[in-house]
Amino acid sequence: MKEILLIFVPALTLVPPAVAAAFAMRKISSTALEGMTRQPQIAQQLFTSMLVSMALVEALVIYCLVVALMLAGKV
Amino acid sequence: MPAVVEQNLHYIVIANFALVAALLVVIGKLATARPLTEIPGGRQNAAEMALEWFVDQAKRIHPASVLLVAPFLATIFLLILFSNLLAILPVPVLRIPPTSYFSVPLALAVVAVFGVVVLKAKVDGAWSVFKHSFWPNPLQLVGDASHVLSLSLRLYGNIGGEYLVAVLASQAAPYGIPIVIHALGLIPASVQPIVFTLLTADFLATASLGGGAGGHTAVPEAT
């Protein structure tokens, strides 16, 4: 039983951060798209800013991915 | 993956990376083979188009040292982009992208962060770099080390994860499905170099190059 439960540990390390990041990225992309449609002349600048913001959010999930992979190796 | 490939993976990754670098050198030589003309045509047009974005970024960071900053950013970008794009080649050993092994992104991130320090030393002098590392906060060095970690892990996580998915999918369903995975993989393969370059440019700007105010380049103020 304990072994079966341990299988879920890496998954539980990764899934909640991924869900949180998905919400954060939804907010980032929808706000950026809104800005782009309102002001198409600065769309290029907004796009690069959006990419950087998304990368910063994504990095946190990747840290969790690394931890999950390490845990998966140990379990 | 065959056992021979798995045993010599380190050498294959290094060889692929060297191959990408050699390819870029050849492309660069070809693009500048003819003398540059006022009215660009053909190759010169393509080369100028590729470099324009980097020159714009460099101008935003420090207009006086565009010739120092733009080649640095362009080299990092093209190296990462071409390394990522190896994954779509239909050749067995050559299609292992170097950036999907942690050593290569780590080396690239160390080069990027160290390059920022060297560029700042060239523009502002070594004393300024030394002062920036310890003043106002002696923990700046820790910040630089965390830049290395975040840059390398981000690149590795994206490209390595995508490559892993492609390998697993091609084992499960050898025909059809891997094409879709590779087509989707083109998105991170082309976005990650942009992100890596933009963040390096951002570090360069926040390192207050030129002793000026040093704002964020990646987040320009909208007027």
# chains A, B, ... in the order shown; residues from 1 in each chain; ligands from 1

$ interface_residues --of "chain B" --to "chain A" --cutoff "12 Å" --atoms "only C-alpha atoms" --output "PyMOL selection string"
chain B and resi 53+56-57+102+146-147+149-161+188+190-202+216-223

$ decode --residues "region 6-154 of chain B" --atoms "C-alpha atoms" --output "PDB file, in the first residue's frame"
ATOM      1  CA  GLU B   6      23.610   5.657 -24.993  1.00  0.00           C
ATOM      2  CA  GLN B   7      27.180   4.829 -23.978  1.00  0.00           C
ATOM      3  CA  ASN B   8      28.674   7.610 -26.104  1.00  0.00           C
ATOM      4  CA  LEU B   9      25.964  10.167 -25.419  1.00  0.00           C
ATOM      5  CA  HIS B  10      28.387  12.764 -24.000  1.00  0.00           C
ATOM      6  CA  TYR B  11      30.535  12.678 -27.110  1.00  0.00           C
ATOM      7  CA  ILE B  12      27.503  12.813 -29.404  1.00  0.00           C
ATOM      8  CA  VAL B  13      26.115  15.861 -27.583  1.00  0.00           C
ATOM      9  CA  ILE B  14      29.483  17.646 -27.770  1.00  0.00           C
ATOM     10  CA  ALA B  15      29.902  16.697 -31.450  1.00  0.00           C
ATOM     11  CA  ASN B  16      26.404  17.944 -32.319  1.00  0.00           C
ATOM     12  CA  PHE B  17      27.035  21.193 -30.495  1.00  0.00           C
ATOM     13  CA  ALA B  18      30.346  21.671 -32.304  1.00  0.00           C
ATOM     14  CA  LEU B  19      28.589  20.888 -35.581  1.00  0.00           C
ATOM     15  CA  VAL B  20      25.994  23.594 -34.937  1.00  0.00           C
ATOM     16  CA  ALA B  21      28.752  26.074 -34.109  1.00  0.00           C
ATOM     17  CA  ALA B  22      30.657  25.158 -37.294  1.00  0.00           C
ATOM     18  CA  LEU B  23      27.470  25.489 -39.357  1.00  0.00           C
ATOM     19  CA  LEU B  24      26.857  28.960 -37.913  1.00  0.00           C
ATOM     20  CA  VAL B  25      30.420  30.015 -38.718  1.00  0.00           C
ATOM     21  CA  VAL B  26      29.969  28.837 -42.311  1.00  0.00           C
ATOM     22  CA  ILE B  27      26.623  30.637 -42.638  1.00  0.00           C
ATOM     23  CA  GLY B  28      28.176  33.792 -41.203  1.00  0.00           C
ATOM     24  CA  LYS B  29      31.090  33.621 -43.636  1.00  0.00           C
ATOM     25  CA  LEU B  30      28.710  33.049 -46.571  1.00  0.00           C
ATOM     26  CA  ALA B  31      26.473  35.945 -45.540  1.00  0.00           C
ATOM     27  CA  THR B  32      29.424  38.357 -45.473  1.00  0.00           C
ATOM     28  CA  ALA B  33      31.395  36.832 -48.375  1.00  0.00           C
ATOM     29  CA  ARG B  34      30.574  39.592 -50.820  1.00  0.00           C
ATOM     30  CA  PRO B  35      31.460  43.190 -49.948  1.00  0.00           C
ATOM     31  CA  LEU B  36      28.554  44.923 -48.236  1.00  0.00           C
ATOM     32  CA  THR B  37      26.580  47.298 -50.454  1.00  0.00           C
ATOM     33  CA  GLU B  38      24.347  50.284 -49.813  1.00  0.00           C
ATOM     34  CA  ILE B  39      21.338  48.564 -51.354  1.00  0.00           C
ATOM     35  CA  PRO B  40      21.228  45.084 -49.823  1.00  0.00           C
ATOM     36  CA  GLY B  41      20.125  42.135 -51.889  1.00  0.00           C
ATOM     37  CA  GLY B  42      19.850  38.401 -51.339  1.00  0.00           C
ATOM     38  CA  ARG B  43      22.144  37.151 -48.605  1.00  0.00           C
ATOM     39  CA  GLN B  44      22.953  40.561 -47.184  1.00  0.00           C
ATOM     40  CA  ASN B  45      19.235  41.272 -46.854  1.00  0.00           C
ATOM     41  CA  ALA B  46      18.674  38.067 -44.911  1.00  0.00           C
ATOM     42  CA  ALA B  47      21.654  38.706 -42.637  1.00  0.00           C
ATOM     43  CA  GLU B  48      20.547  42.270 -41.921  1.00  0.00           C
ATOM     44  CA  MET B  49      17.018  41.106 -41.182  1.00  0.00           C
ATOM     45  CA  ALA B  50      18.355  38.520 -38.709  1.00  0.00           C
ATOM     46  CA  LEU B  51      20.560  41.057 -36.951  1.00  0.00           C
ATOM     47  CA  GLU B  52      18.111  43.965 -36.787  1.00  0.00           C
ATOM     48  CA  TRP B  53      16.299  42.731 -33.674  1.00  0.00           C
ATOM     49  CA  PHE B  54      19.551  42.298 -31.735  1.00  0.00           C
ATOM     50  CA  VAL B  55      20.738  45.746 -32.741  1.00  0.00           C
ATOM     51  CA  ASP B  56      17.425  47.168 -31.490  1.00  0.00           C
ATOM     52  CA  GLN B  57      17.828  45.376 -28.157  1.00  0.00           C
ATOM     53  CA  ALA B  58      21.439  46.555 -27.843  1.00  0.00           C
ATOM     54  CA  LYS B  59      20.397  50.133 -28.624  1.00  0.00           C
ATOM     55  CA  ARG B  60      17.885  50.027 -25.791  1.00  0.00           C
ATOM     56  CA  ILE B  61      20.495  48.750 -23.335  1.00  0.00           C
ATOM     57  CA  HIS B  62      23.329  51.125 -24.154  1.00  0.00           C
ATOM     58  CA  PRO B  63      23.378  53.017 -27.463  1.00  0.00           C
ATOM     59  CA  ALA B  64      27.142  53.639 -27.380  1.00  0.00           C
ATOM     60  CA  SER B  65      28.172  49.985 -27.188  1.00  0.00           C
ATOM     61  CA  VAL B  66      25.909  48.383 -29.790  1.00  0.00           C
ATOM     62  CA  LEU B  67      28.934  46.779 -31.481  1.00  0.00           C
ATOM     63  CA  LEU B  68      29.778  44.960 -28.244  1.00  0.00           C
ATOM     64  CA  VAL B  69      26.319  43.900 -27.116  1.00  0.00           C
ATOM     65  CA  ALA B  70      24.526  42.958 -30.373  1.00  0.00           C
ATOM     66  CA  PRO B  71      26.995  40.210 -31.493  1.00  0.00           C
ATOM     67  CA  PHE B  72      26.937  38.727 -27.982  1.00  0.00           C
ATOM     68  CA  LEU B  73      23.136  38.456 -27.958  1.00  0.00           C
ATOM     69  CA  ALA B  74      22.981  37.237 -31.568  1.00  0.00           C
ATOM     70  CA  THR B  75      25.540  34.488 -30.934  1.00  0.00           C
ATOM     71  CA  ILE B  76      23.635  33.139 -27.940  1.00  0.00           C
ATOM     72  CA  PHE B  77      20.329  33.286 -29.811  1.00  0.00           C
ATOM     73  CA  LEU B  78      21.497  31.561 -33.001  1.00  0.00           C
ATOM     74  CA  LEU B  79      23.440  28.879 -31.126  1.00  0.00           C
ATOM     75  CA  ILE B  80      20.421  27.920 -29.011  1.00  0.00           C
ATOM     76  CA  LEU B  81      17.965  28.147 -31.925  1.00  0.00           C
ATOM     77  CA  PHE B  82      19.990  25.888 -34.217  1.00  0.00           C
ATOM     78  CA  SER B  83      20.719  23.438 -31.386  1.00  0.00           C
ATOM     79  CA  ASN B  84      17.000  23.150 -30.657  1.00  0.00           C
ATOM     80  CA  LEU B  85      16.117  22.714 -34.318  1.00  0.00           C
ATOM     81  CA  LEU B  86      18.354  19.626 -34.605  1.00  0.00           C
ATOM     82  CA  ALA B  87      15.451  17.666 -33.085  1.00  0.00           C
ATOM     83  CA  ILE B  88      13.439  17.862 -36.310  1.00  0.00           C
ATOM     84  CA  LEU B  89      16.182  16.348 -38.512  1.00  0.00           C
ATOM     85  CA  PRO B  90      15.315  12.849 -39.773  1.00  0.00           C
ATOM     86  CA  VAL B  91      18.871  11.540 -39.168  1.00  0.00           C
ATOM     87  CA  PRO B  92      19.242   9.018 -36.286  1.00  0.00           C
ATOM     88  CA  VAL B  93      22.177  10.306 -34.205  1.00  0.00           C
ATOM     89  CA  LEU B  94      22.254  13.878 -35.442  1.00  0.00           C
ATOM     90  CA  ARG B  95      18.712  14.501 -34.236  1.00  0.00           C
ATOM     91  CA  ILE B  96      19.691  14.546 -30.530  1.00  0.00           C
ATOM     92  CA  PRO B  97      19.481  18.258 -29.647  1.00  0.00           C
ATOM     93  CA  PRO B  98      22.444  19.291 -27.436  1.00  0.00           C
ATOM     94  CA  THR B  99      20.212  21.585 -25.367  1.00  0.00           C
ATOM     95  CA  SER B 100      18.190  18.601 -24.118  1.00  0.00           C
ATOM     96  CA  TYR B 101      21.114  17.560 -21.864  1.00  0.00           C
ATOM     97  CA  PHE B 102      21.647  19.650 -18.784  1.00  0.00           C
ATOM     98  CA  SER B 103      25.381  20.218 -19.323  1.00  0.00           C
ATOM     99  CA  VAL B 104      24.882  22.299 -22.485  1.00  0.00           C
ATOM    100  CA  PRO B 105      22.243  24.737 -21.110  1.00  0.00           C
ATOM    101  CA  LEU B 106      24.342  25.057 -17.948  1.00  0.00           C
ATOM    102  CA  ALA B 107      27.428  25.929 -19.999  1.00  0.00           C
ATOM    103  CA  LEU B 108      25.415  28.416 -22.079  1.00  0.00           C
ATOM    104  CA  ALA B 109      24.007  30.062 -18.949  1.00  0.00           C
ATOM    105  CA  VAL B 110      27.469  30.333 -17.361  1.00  0.00           C
ATOM    106  CA  VAL B 111      28.775  31.894 -20.587  1.00  0.00           C
ATOM    107  CA  ALA B 112      25.829  34.317 -20.702  1.00  0.00           C
ATOM    108  CA  VAL B 113      26.187  35.481 -17.093  1.00  0.00           C
ATOM    109  CA  PHE B 114      29.980  35.647 -17.281  1.00  0.00           C
ATOM    110  CA  GLY B 115      29.674  37.471 -20.617  1.00  0.00           C
ATOM    111  CA  VAL B 116      27.461  40.098 -18.980  1.00  0.00           C
ATOM    112  CA  VAL B 117      30.183  40.665 -16.358  1.00  0.00           C
ATOM    113  CA  VAL B 118      32.891  40.903 -19.040  1.00  0.00           C
ATOM    114  CA  LEU B 119      30.846  43.327 -21.177  1.00  0.00           C
ATOM    115  CA  LYS B 120      30.218  45.524 -18.158  1.00  0.00           C
ATOM    116  CA  ALA B 121      33.927  45.461 -17.328  1.00  0.00           C
ATOM    117  CA  LYS B 122      34.732  46.492 -20.904  1.00  0.00           C
ATOM    118  CA  VAL B 123      32.304  49.405 -20.881  1.00  0.00           C
ATOM    119  CA  ASP B 124      32.561  50.643 -17.292  1.00  0.00           C
ATOM    120  CA  GLY B 125      35.885  49.277 -16.088  1.00  0.00           C
ATOM    121  CA  ALA B 126      36.722  46.446 -13.735  1.00  0.00           C
ATOM    122  CA  TRP B 127      36.319  48.524 -10.574  1.00  0.00           C
ATOM    123  CA  SER B 128      32.672  49.235 -11.408  1.00  0.00           C
ATOM    124  CA  VAL B 129      31.974  45.505 -11.782  1.00  0.00           C
ATOM    125  CA  PHE B 130      33.690  44.787  -8.494  1.00  0.00           C
ATOM    126  CA  LYS B 131      31.692  47.509  -6.777  1.00  0.00           C
ATOM    127  CA  HIS B 132      28.431  46.290  -8.311  1.00  0.00           C
ATOM    128  CA  SER B 133      29.072  42.792  -6.957  1.00  0.00           C
ATOM    129  CA  PHE B 134      29.376  43.985  -3.360  1.00  0.00           C
ATOM    130  CA  TRP B 135      27.501  47.267  -3.223  1.00  0.00           C
ATOM    131  CA  PRO B 136      24.773  48.055  -2.163  1.00  0.00           C
ATOM    132  CA  ASN B 137      24.184  44.424  -1.353  1.00  0.00           C
ATOM    133  CA  PRO B 138      26.919  41.809  -0.982  1.00  0.00           C
ATOM    134  CA  LEU B 139      24.403  39.162  -1.996  1.00  0.00           C
ATOM    135  CA  GLN B 140      24.606  40.262  -5.650  1.00  0.00           C
ATOM    136  CA  LEU B 141      26.924  37.329  -6.283  1.00  0.00           C
ATOM    137  CA  VAL B 142      24.226  34.946  -5.069  1.00  0.00           C
ATOM    138  CA  GLY B 143      21.830  36.691  -7.446  1.00  0.00           C
ATOM    139  CA  ASP B 144      24.196  36.096 -10.361  1.00  0.00           C
ATOM    140  CA  ALA B 145      24.507  32.426  -9.424  1.00  0.00           C
ATOM    141  CA  SER B 146      20.720  32.115  -9.321  1.00  0.00           C
ATOM    142  CA  HIS B 147      20.582  33.655 -12.812  1.00  0.00           C
ATOM    143  CA  VAL B 148      22.730  30.767 -14.035  1.00  0.00           C
ATOM    144  CA  LEU B 149      20.409  28.265 -12.399  1.00  0.00           C
ATOM    145  CA  SER B 150      17.191  29.809 -13.693  1.00  0.00           C
ATOM    146  CA  LEU B 151      18.449  30.316 -17.273  1.00  0.00           C
ATOM    147  CA  SER B 152      19.838  26.802 -17.598  1.00  0.00           C
ATOM    148  CA  LEU B 153      16.943  24.993 -15.924  1.00  0.00           C
ATOM    149  CA  ARG B 154      14.395  26.830 -18.042  1.00  0.00           C
TER     150      ARG B 154
END
